[in-house]
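Visitor: As input, take query.txt (compact mmCIF, C-alpha atoms):
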# COMPACT_ATOMS: atom_id res chain seq x y z
CA MET I 551 37.61 27.31 20.91
CA GLU I 552 34.80 24.86 21.32
CA THR I 553 31.92 27.03 22.43
CA PHE I 554 30.19 28.96 19.68
CA SER I 555 27.46 31.42 20.45
CA SER I 556 25.70 30.62 17.20
CA LYS I 557 25.17 27.24 15.59
CA TYR I 558 25.06 28.90 12.17
CA LEU I 559 28.50 30.35 12.83
CA GLU I 560 29.68 26.94 14.01
CA THR I 561 28.33 25.22 10.89
CA ALA I 562 29.96 27.83 8.65
CA VAL I 563 33.30 27.41 10.43
CA GLN I 564 33.05 23.62 10.00
CA GLU I 565 32.18 23.86 6.31
CA ILE I 566 34.81 26.50 5.49
CA GLY I 567 37.36 24.51 7.52
CA LYS I 568 36.90 21.56 5.16
CA LEU I 569 38.59 23.51 2.35
CA PRO I 570 42.19 22.45 1.70
CA GLY I 571 44.77 24.48 3.62
CA ILE I 572 42.15 26.26 5.75
CA GLY I 573 42.28 25.44 9.45
CA LYS I 574 39.68 26.14 12.12
CA LYS I 575 41.15 29.50 13.14
CA THR I 576 41.27 30.77 9.56
CA ALA I 577 37.76 29.42 8.98
CA LEU I 578 36.52 31.43 11.98
CA ARG I 579 38.30 34.55 10.75
CA LEU I 580 36.72 34.18 7.31
CA ALA I 581 33.26 33.45 8.75
CA LEU I 582 33.41 36.52 10.98
CA HIS I 583 34.58 38.58 8.01
CA ILE I 584 31.52 37.43 6.08
CA VAL I 585 29.22 38.25 9.03
CA ARG I 586 30.65 41.75 9.31
CA HIS I 587 30.74 42.42 5.56
CA ASP I 588 27.70 43.82 3.77
CA GLU I 589 24.86 41.45 3.04
CA ASN I 590 25.31 41.18 -0.72
CA TYR I 591 28.76 39.68 -0.40
CA ALA I 592 27.61 36.64 1.59
CA PHE I 593 24.90 35.96 -0.99
CA SER I 594 27.08 36.47 -4.05
CA LEU I 595 29.79 34.25 -2.53
CA SER I 596 27.21 31.64 -1.59
CA GLU I 597 25.68 31.67 -5.08
CA ALA I 598 29.07 31.55 -6.80
CA ILE I 599 29.93 28.43 -4.79
CA SER I 600 26.69 26.60 -5.48
CA ASN I 601 26.96 27.54 -9.16
CA LEU I 602 30.29 25.71 -9.23
CA LYS I 603 28.27 22.51 -8.91
CA ARG I 604 24.98 23.51 -10.52
CA LYS I 605 26.28 25.24 -13.63
CA VAL I 606 29.87 24.21 -14.28
CA CYS I 607 30.33 21.13 -16.45
CA PHE I 608 33.19 19.55 -18.35
CA CYS I 609 34.00 19.85 -22.04
CA THR I 610 33.15 16.50 -23.66
CA THR I 611 36.16 16.79 -25.96
CA CYS I 612 39.06 18.04 -23.82
CA HIS I 613 37.52 17.55 -20.32
CA ALA I 614 38.37 21.08 -19.21
CA ILE I 615 35.91 22.92 -16.99
CA SER I 616 33.34 24.64 -19.15
CA ASP I 617 29.91 26.26 -19.04
CA SER I 618 28.64 24.01 -21.82
CA ASP I 619 29.37 20.66 -23.47
CA VAL I 620 32.04 22.24 -25.64
CA CYS I 621 34.53 24.62 -24.03
CA ASP I 622 35.52 27.96 -25.54
CA ILE I 623 38.84 26.58 -26.73
CA CYS I 624 37.41 23.50 -28.45
CA ALA I 625 34.65 25.68 -29.95
CA ASN I 626 37.10 28.23 -31.36
CA PRO I 627 37.60 27.66 -35.14
CA LEU I 628 40.87 29.65 -35.00
CA ARG I 629 42.57 27.02 -32.82
CA ASP I 630 44.80 24.37 -34.36
CA PHE I 631 42.96 21.09 -33.79
CA SER I 632 45.87 19.02 -35.12
CA THR I 633 47.98 19.74 -32.01
CA ILE I 634 46.80 18.44 -28.63
CA CYS I 635 48.56 19.47 -25.43
CA VAL I 636 48.09 16.82 -22.71
CA VAL I 637 47.94 18.30 -19.18
CA GLU I 638 47.17 17.05 -15.70
CA THR I 639 44.58 19.58 -14.55
CA ILE I 640 42.50 22.52 -15.71
CA LYS I 641 44.95 24.83 -13.86
CA ASP I 642 47.64 23.83 -16.34
CA VAL I 643 45.35 24.90 -19.19
CA LEU I 644 44.96 28.31 -17.54
CA VAL I 645 48.70 28.86 -17.09
CA ILE I 646 49.52 27.71 -20.64
CA GLU I 647 46.75 29.94 -22.02
CA ALA I 648 48.21 32.84 -20.06
CA THR I 649 51.49 32.50 -22.02
CA GLN I 650 49.55 33.10 -25.28
CA GLN I 651 52.12 30.87 -27.03
CA PHE I 652 49.95 27.87 -27.77
CA ARG I 653 47.29 27.88 -30.50
CA GLY I 654 46.45 24.18 -30.36
CA VAL I 655 43.87 22.43 -28.18
CA TYR I 656 44.11 20.59 -24.85
CA HIS I 657 43.33 17.28 -23.25
CA VAL I 658 42.91 17.34 -19.48
CA LEU I 659 43.71 13.94 -17.93
CA GLY I 660 42.32 14.84 -14.51
CA GLY I 661 45.44 13.54 -12.74
CA VAL I 662 48.49 11.39 -13.33
CA ILE I 663 49.02 7.65 -12.85
CA SER I 664 49.93 7.07 -9.21
CA PRO I 665 49.69 3.56 -7.74
CA ILE I 666 50.41 4.97 -4.25
CA ASP I 667 47.39 7.28 -4.42
CA GLY I 668 45.35 4.56 -6.09
CA VAL I 669 45.12 6.39 -9.43
CA SER I 670 45.16 3.90 -12.30
CA PRO I 671 45.19 4.76 -16.04
CA PHE I 672 41.47 3.93 -16.08
CA ASP I 673 40.70 6.74 -13.61
CA LEU I 674 42.13 9.23 -16.09
CA GLU I 675 40.90 10.54 -19.44
CA ILE I 676 43.45 8.46 -21.36
CA GLN I 677 41.04 6.29 -23.36
CA THR I 678 39.21 9.41 -24.55
CA LEU I 679 42.55 10.84 -25.73
CA VAL I 680 43.27 7.65 -27.68
CA GLU I 681 39.80 7.93 -29.24
CA ARG I 682 40.48 11.55 -30.22
CA VAL I 683 43.64 10.47 -32.01
CA GLU I 684 41.84 7.48 -33.56
CA ARG I 685 39.27 9.81 -35.13
CA GLY I 686 42.15 11.28 -37.13
CA GLY I 687 43.41 14.78 -37.90
CA VAL I 688 45.82 14.86 -34.97
CA GLU I 689 49.40 15.55 -36.03
CA GLU I 690 51.13 16.19 -32.72
CA ILE I 691 50.61 15.30 -29.08
CA ILE I 692 52.57 17.48 -26.62
CA PHE I 693 53.02 16.18 -23.08
CA ALA I 694 52.97 19.01 -20.52
CA LEU I 695 52.84 16.80 -17.43
CA PRO I 696 54.61 17.33 -14.09
CA VAL I 697 58.31 16.35 -13.90
CA THR I 698 57.73 13.60 -11.34
CA VAL I 699 57.83 9.81 -11.40
CA GLU I 700 54.02 9.88 -11.78
CA GLY I 701 54.15 12.41 -14.61
CA ASP I 702 56.83 10.46 -16.44
CA THR I 703 54.94 7.17 -15.93
CA THR I 704 51.82 8.76 -17.37
CA SER I 705 53.70 10.14 -20.40
CA PHE I 706 55.23 6.72 -20.98
CA TYR I 707 51.89 4.92 -20.68
CA ILE I 708 50.15 7.27 -23.12
CA HIS I 709 53.14 7.12 -25.48
CA LYS I 710 52.79 3.31 -25.62
CA LYS I 711 49.05 3.61 -26.32
CA LEU I 712 49.62 6.09 -29.15
CA GLN I 713 52.55 4.31 -30.81
CA GLN I 714 50.21 2.62 -33.30
CA PHE I 715 49.21 6.03 -34.69
CA SER I 716 51.38 8.13 -36.93
CA CYS I 717 51.17 11.35 -34.90
CA LYS I 718 54.30 13.01 -33.57
CA ILE I 719 54.75 12.90 -29.80
CA SER I 720 56.72 15.63 -28.05
CA MET I 721 57.08 17.09 -24.56
CA ILE I 722 57.63 20.59 -23.29
CA ALA I 723 61.27 21.55 -22.65
CA ARG I 724 62.69 21.21 -19.15
CA GLY I 725 65.63 23.37 -18.19
CA VAL I 726 66.94 26.30 -16.20
CA ALA I 727 64.09 28.74 -15.56
CA VAL I 728 64.32 32.16 -17.19
CA GLY I 729 66.01 34.54 -14.76
CA ASN I 730 67.48 31.74 -12.61
CA GLU I 731 71.21 31.54 -11.86
CA LEU I 732 72.94 28.27 -12.78
CA GLU I 733 74.47 28.25 -9.30
CA TYR I 734 71.07 27.79 -7.65
CA THR I 735 69.62 25.34 -10.16
CA ASP I 736 69.33 21.73 -8.99
CA GLU I 737 71.59 19.17 -10.64
CA LEU I 738 68.84 17.16 -12.31
CA THR I 739 67.41 20.22 -14.05
CA LEU I 740 70.86 21.38 -15.09
CA ALA I 741 71.77 17.92 -16.42
CA ARG I 742 68.51 17.85 -18.36
CA SER I 743 69.06 21.34 -19.76
CA ILE I 744 72.48 20.25 -21.06
CA ARG I 745 71.13 17.02 -22.59
CA ASP I 746 68.23 18.87 -24.24
CA ARG I 747 70.36 21.80 -25.47
CA VAL I 748 69.09 23.68 -28.50
CA GLU I 749 70.80 25.49 -31.33
CA TYR I 750 71.92 28.98 -30.37
CA LYS I 751 70.11 31.68 -32.32
CA ALA I 752 71.63 35.13 -32.07
CA MET D 1483 45.84 33.56 -15.40
CA GLU D 1484 43.32 35.75 -17.12
CA THR D 1485 41.49 33.34 -19.36
CA PHE D 1486 38.92 31.18 -17.65
CA SER D 1487 37.11 28.46 -19.50
CA SER D 1488 33.97 29.01 -17.41
CA LYS D 1489 32.45 32.27 -16.27
CA TYR D 1490 30.98 30.53 -13.21
CA LEU D 1491 34.48 29.44 -12.25
CA GLU D 1492 35.70 32.98 -12.85
CA THR D 1493 32.93 34.47 -10.68
CA ALA D 1494 33.64 31.99 -7.90
CA VAL D 1495 37.37 32.79 -8.01
CA GLN D 1496 36.57 36.51 -7.82
CA GLU D 1497 34.18 36.11 -4.89
CA ILE D 1498 36.42 33.73 -2.93
CA GLY D 1499 39.39 36.01 -3.65
CA LYS D 1500 37.62 38.85 -1.81
CA LEU D 1501 38.07 37.02 1.50
CA PRO D 1502 40.87 38.42 3.66
CA GLY D 1503 44.23 36.69 3.15
CA ILE D 1504 43.02 34.73 0.11
CA GLY D 1505 44.70 35.65 -3.15
CA LYS D 1506 43.66 34.77 -6.68
CA LYS D 1507 45.77 31.60 -6.86
CA THR D 1508 44.40 30.25 -3.59
CA ALA D 1509 40.88 31.21 -4.67
CA LEU D 1510 41.32 29.17 -7.86
CA ARG D 1511 42.69 26.22 -5.90
CA LEU D 1512 39.68 26.33 -3.53
CA ALA D 1513 37.19 26.75 -6.38
CA LEU D 1514 38.66 23.76 -8.25
CA HIS D 1515 38.56 21.75 -5.02
CA ILE D 1516 34.84 22.53 -4.70
CA VAL D 1517 34.22 21.57 -8.35
CA ARG D 1518 35.98 18.23 -7.90
CA HIS D 1519 34.44 17.47 -4.49
CA ASP D 1520 31.08 15.74 -4.20
CA GLU D 1521 27.99 17.80 -4.88
CA ASN D 1522 26.69 18.02 -1.32
CA TYR D 1523 29.75 19.87 -0.09
CA ALA D 1524 29.30 22.81 -2.47
CA PHE D 1525 25.68 23.16 -1.39
CA SER D 1526 26.29 22.81 2.35
CA LEU D 1527 29.16 25.32 2.15
CA SER D 1528 27.03 27.67 0.08
CA GLU D 1529 24.11 27.40 2.52
CA ALA D 1530 26.33 27.83 5.57
CA ILE D 1531 27.70 31.06 4.09
CA SER D 1532 24.33 32.55 3.20
CA ASN D 1533 23.00 31.56 6.65
CA LEU D 1534 25.76 33.70 8.16
CA LYS D 1535 23.80 36.68 6.89
CA ARG D 1536 20.25 35.35 6.86
CA LYS D 1537 20.18 33.68 10.27
CA VAL D 1538 22.96 35.05 12.43
CA CYS D 1539 22.11 38.13 14.44
CA PHE D 1540 23.65 39.96 17.38
CA CYS D 1541 22.69 39.67 21.04
CA THR D 1542 20.87 42.88 21.97
CA THR D 1543 22.52 42.85 25.41
CA CYS D 1544 26.18 41.96 24.86
CA HIS D 1545 26.35 42.35 21.04
CA ALA D 1546 27.98 38.95 20.56
CA ILE D 1547 26.99 36.90 17.52
CA SER D 1548 23.90 34.88 18.33
CA ASP D 1549 21.08 32.90 16.73
CA SER D 1550 18.46 34.97 18.55
CA ASP D 1551 18.03 38.36 20.24
CA VAL D 1552 19.55 37.03 23.44
CA CYS D 1553 22.72 34.95 23.21
CA ASP D 1554 23.24 31.70 25.09
CA ILE D 1555 25.51 33.38 27.63
CA CYS D 1556 23.13 36.26 28.42
CA ALA D 1557 20.22 33.79 28.57
CA ASN D 1558 22.00 31.46 31.01
CA PRO D 1559 20.67 32.00 34.57
CA LEU D 1560 23.81 30.39 36.00
CA ARG D 1561 26.04 33.22 34.74
CA ASP D 1562 27.07 36.05 37.07
CA PHE D 1563 25.36 39.13 35.61
CA SER D 1564 27.12 41.48 38.06
CA THR D 1565 30.46 41.03 36.28
CA ILE D 1566 30.86 42.25 32.69
CA CYS D 1567 33.98 41.47 30.68
CA VAL D 1568 34.54 44.10 27.97
CA VAL D 1569 36.14 42.69 24.82
CA GLU D 1570 36.97 43.92 21.32
CA THR D 1571 35.46 41.14 19.19
CA ILE D 1572 33.38 37.98 19.35
CA LYS D 1573 36.61 35.98 18.89
CA ASP D 1574 37.76 37.20 22.30
CA VAL D 1575 34.54 35.85 23.83
CA LEU D 1576 35.30 32.45 22.30
CA VAL D 1577 38.86 32.30 23.63
CA ILE D 1578 37.86 33.45 27.12
CA GLU D 1579 34.99 30.93 27.16
CA ALA D 1580 37.47 28.22 26.16
CA THR D 1581 39.44 28.86 29.39
CA GLN D 1582 36.30 27.99 31.44
CA GLN D 1583 37.54 30.46 34.08
CA PHE D 1584 34.98 33.21 33.67
CA ARG D 1585 31.39 32.88 34.86
CA GLY D 1586 30.32 36.49 34.25
CA VAL D 1587 28.87 37.99 31.08
CA TYR D 1588 30.41 39.92 28.17
CA HIS D 1589 30.13 43.16 26.29
CA VAL D 1590 31.50 43.12 22.74
CA LEU D 1591 32.57 46.62 21.63
CA GLY D 1592 33.00 45.64 17.98
CA GLY D 1593 36.43 47.30 17.81
CA VAL D 1594 38.66 49.73 19.66
CA ILE D 1595 38.99 53.51 19.36
CA SER D 1596 41.41 54.25 16.53
CA PRO D 1597 41.53 57.74 15.00
CA ILE D 1598 43.92 56.48 12.29
CA ASP D 1599 41.39 53.88 11.13
CA GLY D 1600 38.53 56.34 11.57
CA VAL D 1601 36.98 54.43 14.49
CA SER D 1602 35.45 56.86 16.98
CA PRO D 1603 33.84 55.94 20.34
CA PHE D 1604 30.45 56.39 18.67
CA ASP D 1605 31.19 53.57 16.21
CA LEU D 1606 31.55 51.17 19.13
CA GLU D 1607 29.06 49.68 21.58
CA ILE D 1608 30.22 51.98 24.39
CA GLN D 1609 26.97 53.87 24.99
CA THR D 1610 25.11 50.56 25.31
CA LEU D 1611 27.65 49.45 27.92
CA VAL D 1612 27.09 52.65 29.90
CA GLU D 1613 23.35 51.99 29.70
CA ARG D 1614 23.83 48.45 31.00
CA VAL D 1615 25.73 49.81 34.01
CA GLU D 1616 23.12 52.58 34.46
CA ARG D 1617 20.36 49.97 34.75
CA GLY D 1618 22.16 48.77 37.90
CA GLY D 1619 23.23 45.41 39.26
CA VAL D 1620 26.74 45.61 37.76
CA GLU D 1621 29.48 45.27 40.37
CA GLU D 1622 32.57 44.87 38.24
CA ILE D 1623 33.70 45.76 34.73
CA ILE D 1624 36.76 43.84 33.51
CA PHE D 1625 38.66 45.25 30.53
CA ALA D 1626 40.06 42.48 28.35
CA LEU D 1627 41.15 44.71 25.46
CA PRO D 1628 44.31 44.42 23.34
CA VAL D 1629 47.55 45.78 24.82
CA THR D 1630 47.95 48.50 22.20
CA VAL D 1631 47.64 52.27 22.19
CA GLU D 1632 44.12 51.82 20.77
CA GLY D 1633 43.17 49.26 23.41
CA ASP D 1634 44.50 51.44 26.22
CA THR D 1635 42.75 54.54 24.80
CA THR D 1636 39.48 52.61 24.70
CA SER D 1637 39.88 51.37 28.29
CA PHE D 1638 40.64 54.93 29.42
CA TYR D 1639 37.65 56.37 27.54
CA ILE D 1640 35.22 53.82 28.99
CA HIS D 1641 36.77 54.23 32.43
CA LYS D 1642 36.03 57.99 32.27
CA LYS D 1643 32.44 57.29 31.19
CA LEU D 1644 31.88 54.83 34.07
CA GLN D 1645 33.53 56.87 36.83
CA GLN D 1646 30.15 58.27 37.90
CA PHE D 1647 28.97 54.75 38.80
CA SER D 1648 30.06 52.83 41.85
CA CYS D 1649 31.13 49.65 40.04
CA LYS D 1650 34.67 48.34 40.36
CA ILE D 1651 36.77 48.57 37.19
CA SER D 1652 39.58 46.08 36.62
CA MET D 1653 41.63 44.75 33.74
CA ILE D 1654 43.07 41.33 32.96
CA ALA D 1655 46.65 40.76 34.13
CA ARG D 1656 49.49 41.33 31.68
CA GLY D 1657 52.76 39.51 32.26
CA VAL D 1658 55.10 36.76 31.23
CA ALA D 1659 53.15 34.05 29.41
CA VAL D 1660 52.92 30.64 31.07
CA GLY D 1661 55.79 28.49 29.81
CA ASN D 1662 57.80 31.44 28.48
CA GLU D 1663 61.39 32.06 29.54
CA LEU D 1664 62.17 35.47 31.07
CA GLU D 1665 65.13 35.71 28.71
CA TYR D 1666 62.87 35.84 25.66
CA THR D 1667 60.17 38.07 27.10
CA ASP D 1668 60.10 41.65 25.81
CA GLU D 1669 61.07 44.41 28.24
CA LEU D 1670 57.68 46.10 28.37
CA THR D 1671 55.91 42.89 29.33
CA LEU D 1672 58.57 42.04 31.91
CA ALA D 1673 58.42 45.58 33.40
CA ARG D 1674 54.63 45.29 33.60
CA SER D 1675 54.80 41.85 35.20
CA ILE D 1676 57.10 43.26 37.91
CA ARG D 1677 54.88 46.30 38.53
CA ASP D 1678 51.74 44.14 38.71
CA ARG D 1679 53.36 41.43 40.88
CA VAL D 1680 51.00 39.38 43.05
CA GLU D 1681 51.41 37.72 46.42
CA TYR D 1682 53.17 34.36 46.19
CA LYS D 1683 50.95 31.45 47.16
CA ALA D 1684 52.74 28.16 47.74
Output the structure of this file as structure tokens.

Guide:
Amino acid sequence: METFSSKYLETAVQEIGKLPGIGKKTALRLALHIVRHDENYAFSLSEAISNLKRKVCFCTTCHAISDSDVCDICANPLRDFSTICVVETIKDVLVIEATQQFRGVYHVLGGVISPIDGVSPFDLEIQTLVERVERGGVEEIIFALPVTVEGDTTSFYIHKKLQQFSCKISMIARGVAVGNELEYTDELTLARSIRDRVEYKA
Amino acid sequence: METFSSKYLETAVQEIGKLPGIGKKTALRLALHIVRHDENYAFSLSEAISNLKRKVCFCTTCHAISDSDVCDICANPLRDFSTICVVETIKDVLVIEATQQFRGVYHVLGGVISPIDGVSPFDLEIQTLVERVERGGVEEIIFALPVTVEGDTTSFYIHKKLQQFSCKISMIARGVAVGNELEYTDELTLARSIRDRVEYKA
């Protein structure tokens, strides 16, 4: 499908096709949907996208996406500022918030250490985490990083950096997912769930 | 994932999530991609989308998407204006153009007759097609509509409308796809390919 009858359509297909996981055919389908849809939708979508760059900024404390220099979580006096949950991306903040089980604050690294992908500790918000701990008042750091070599490397690196401080360092539990059958759980997860067993509470 | 740290992010996720086939999780992934990507991309994507409504219009002759009142195909003096290929959507124009086998012009109906979906003949560009034929100079109408009850109904309806004119009415061949094994071809297609058999040319 090389010939387009409209260069604006062609440009839109090219731009939409640059999004991750969206090929040229899907891009065309979406572009034609926008053309056919009522006028306001194209403009509200267009504005929402440009606002992502014009208006969205990052919290200077936890580096989560925010509308101002301090995000809603860091600005909330009801949160427990002595507990910092260290996560890879803003998405992780959203899923943890959705559980409504965590009342502490976050620190978004912006990735994990990955020599293969060229991500060094200095590309991540690790130094700013160390500075947060240095300023005092932090009692516990919880690692909620992916269970991969990169995630484990990152936890280990940060752990080394924070050893000099007296705060407790923990990590979220890994184990058999709620609702999953043991039979279909992979061996590594099962082994880990046995090693990290907890006291049974009836 | 109900809590967003930024209302601009939330708006963008809502707007992107309105696109067909894009759920809330994908919308968030795309929005975060745009936030992380360099600034120019968000703006060029945003502009391309709003241009889809501000700049794109429809050809007054064939009703294909165009940048002006007359599309490139209808404005091309090298095309054969005596042959009109009737298609459902602009996408069909693009795929037929990609074959480089058709030198005639098009007529985009904008859909097919479908009582279930509430699409009547008056919602489609059928009257404008009749008017094109009425103006004279049309020797052949080729139906290239989907092989569905709706597509066949639409062909039949237009055929009835055009009977009063002397132009030839044909439809694209249906049969076993090139490269397909007979064994895996459905019975209806195979039956049709036998009925519509053509002279063997060595």

Visitor: Counting only C-alpha atoms, which residues of chain I fall within 7 Å of chain D, and what is the closest atom pair for each with its distance in Å at one decimal, ordered by chain and rising number, as CSV?

Guide:
residue,atom,partner,partner_atom,distance
I:Met551,CA,D:Ala1580,CA,5.3
I:Glu552,CA,D:Ala1580,CA,6.5
I:Thr553,CA,D:Leu1576,CA,6.4
I:Phe554,CA,D:Leu1576,CA,6.7
I:Ser555,CA,D:Ser1548,CA,5.4
I:Ser556,CA,D:Ser1548,CA,4.8
I:Tyr558,CA,D:Leu1534,CA,6.3
I:Leu559,CA,D:Leu1534,CA,6.4
I:Thr561,CA,D:Ala1530,CA,6.3
I:Ala562,CA,D:Ala1530,CA,4.8
I:Glu565,CA,D:Leu1527,CA,5.3
I:Ile566,CA,D:Leu1527,CA,6.7
I:Leu569,CA,D:Leu1512,CA,6.6
I:Pro570,CA,D:Leu1512,CA,7.0
I:Leu580,CA,D:Leu1501,CA,6.6
I:Val585,CA,D:Leu1534,CA,5.8
I:Glu589,CA,D:Lys1535,CA,6.2
I:Ala592,CA,D:Ser1532,CA,5.5
I:Phe593,CA,D:Ser1532,CA,5.4
I:Leu595,CA,D:Glu1497,CA,5.3
I:Ser596,CA,D:Ser1528,CA,4.3
I:Glu597,CA,D:Ser1528,CA,6.7
I:Ala598,CA,D:Ala1494,CA,4.7
I:Ile599,CA,D:Ser1528,CA,5.7
I:Ser600,CA,D:Phe1525,CA,5.4
I:Asn601,CA,D:Tyr1490,CA,6.4
I:Leu602,CA,D:Val1517,CA,5.8
I:Lys603,CA,D:Val1517,CA,6.0
I:Val606,CA,D:Tyr1490,CA,6.5
I:Ile615,CA,D:Ser1487,CA,6.2
I:Ser616,CA,D:Ser1488,CA,4.7
I:Asp617,CA,D:Ser1488,CA,5.2
I:Cys621,CA,D:Ser1487,CA,6.5
I:Asp622,CA,D:Ser1487,CA,6.3
I:Leu644,CA,D:Met1483,CA,5.7
I:Val645,CA,D:Met1483,CA,5.8
I:Glu647,CA,D:Thr1485,CA,6.8
I:Ala648,CA,D:Met1483,CA,5.3

Visitor: Once you count only C-alpha atoms, which residues end up no further than 12 Å from (42.9, 25.9, -30.6) in the file's frame, shown as a list in words?

Guide: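 It turns out the residues near that spot are Cys612, Cys621, Asp622, Ile623, Cys624, Ala625, Asn626, Pro627, Leu628, Arg629, Asp630, Phe631, Ser632, Thr633, Ile634, Cys635, Val643, Glu647, Gln650, Gln651, Phe652, Arg653, Gly654, Val655, Tyr656 and His657 of chain I.
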
Visitor: Could you please determine the separation between atom CA of I:Phe672 and atom CA of I:Thr704 in Å, to one decimal place?

Guide: 11.5 Å

Visitor: So, counting all atoms listed in the file, which residue among D:Arg1656, D:Pro1628, D:Glu1616, D:Asn1662 is closest to D:Leu1644?

Guide: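 Comparing D:Arg1656, D:Pro1628, D:Glu1616, D:Asn1662 against D:Leu1644, the winner is D:Glu1616.
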
Visitor: For atom CA of I:Phe715 and atom CA of I:Phe693, determine how far apart the two atoms are, in Å to one decimal place.

Guide: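 Atom CA of I:Phe715 sits 15.9 Å away from atom CA of I:Phe693.
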
Visitor: Could you check the closest approach to I:His709 for each of I:Glu749, I:Glu731, I:Glu690, I:Asp619 and tell me which residue wins, using all atoms listed in the file?

Guide: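 Among the listed residues, I:Glu690 lies closest to I:His709.
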
Visitor: One decimal, Å: what's the distance from atom CA of D:Pro1603 over to atom CA of D:Ile1640, could you say?

Guide: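 Result for atom CA of D:Pro1603 versus atom CA of D:Ile1640: 9.0 Å, one decimal.
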
Visitor: Can you tell me, as an MDAnalysis selection string, what residues are no more than 12 Å from D:Phe1638 when counting all atoms listed in the file, ignoring any on the same chain fewer than 6 positions away?

Guide: chainID D and resid 1594:1595 1603 1608 1625 1627 1631:1632 1644:1645 1651:1653

Visitor: Take the residues that were just selected and, keeping C-alpha atoms, output them as a PDB file, keeping the file's coordinate frame.

Guide:
ATOM      1  CA  VAL D1594      38.660  49.730  19.660  1.00  0.00           C
ATOM      2  CA  ILE D1595      38.990  53.510  19.360  1.00  0.00           C
ATOM      3  CA  PRO D1603      33.840  55.940  20.340  1.00  0.00           C
ATOM      4  CA  ILE D1608      30.220  51.980  24.390  1.00  0.00           C
ATOM      5  CA  PHE D1625      38.660  45.250  30.530  1.00  0.00           C
ATOM      6  CA  LEU D1627      41.150  44.710  25.460  1.00  0.00           C
ATOM      7  CA  VAL D1631      47.640  52.270  22.190  1.00  0.00           C
ATOM      8  CA  GLU D1632      44.120  51.820  20.770  1.00  0.00           C
ATOM      9  CA  LEU D1644      31.880  54.830  34.070  1.00  0.00           C
ATOM     10  CA  GLN D1645      33.530  56.870  36.830  1.00  0.00           C
ATOM     11  CA  ILE D1651      36.770  48.570  37.190  1.00  0.00           C
ATOM     12  CA  SER D1652      39.580  46.080  36.620  1.00  0.00           C
ATOM     13  CA  MET D1653      41.630  44.750  33.740  1.00  0.00           C
TER      14      MET D1653
END

Visitor: Pick out the residues sitting within 10 Å of D:Asp1678, and hand them over as a list in words; count all atoms listed in the file, and ignore anything fewer than 2 positions along from it in its own chain.

Guide: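 Contacts, with the query itself left out: Ala1655, Arg1656, Gly1657, Leu1672, Ala1673, Arg1674, Ser1675, Ile1676 and Val1680 of chain D.
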
Visitor: Find the residues near I:Lys718: any atom within 9 Å, counting all atoms listed in the file, skip ones fewer than 6 places away on the same chain, and give them as a CSV table (one decimal) with C-alpha atoms, in the coordinates of the input.

Guide:
chain,number,residue,atom,x,y,z
I,688,VAL,CA,45.8,14.9,-35.0
I,689,GLU,CA,49.4,15.6,-36.0
I,690,GLU,CA,51.1,16.2,-32.7
I,691,ILE,CA,50.6,15.3,-29.1
I,692,ILE,CA,52.6,17.5,-26.6

Visitor: Of the candidates D:Arg1617, D:Leu1664, D:Gln1609, D:Val1569, which shows the shortest atom-to-atom distance to D:Gly1593, using all atoms listed in the file?

Guide: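 The closest residue to D:Gly1593 is D:Val1569.
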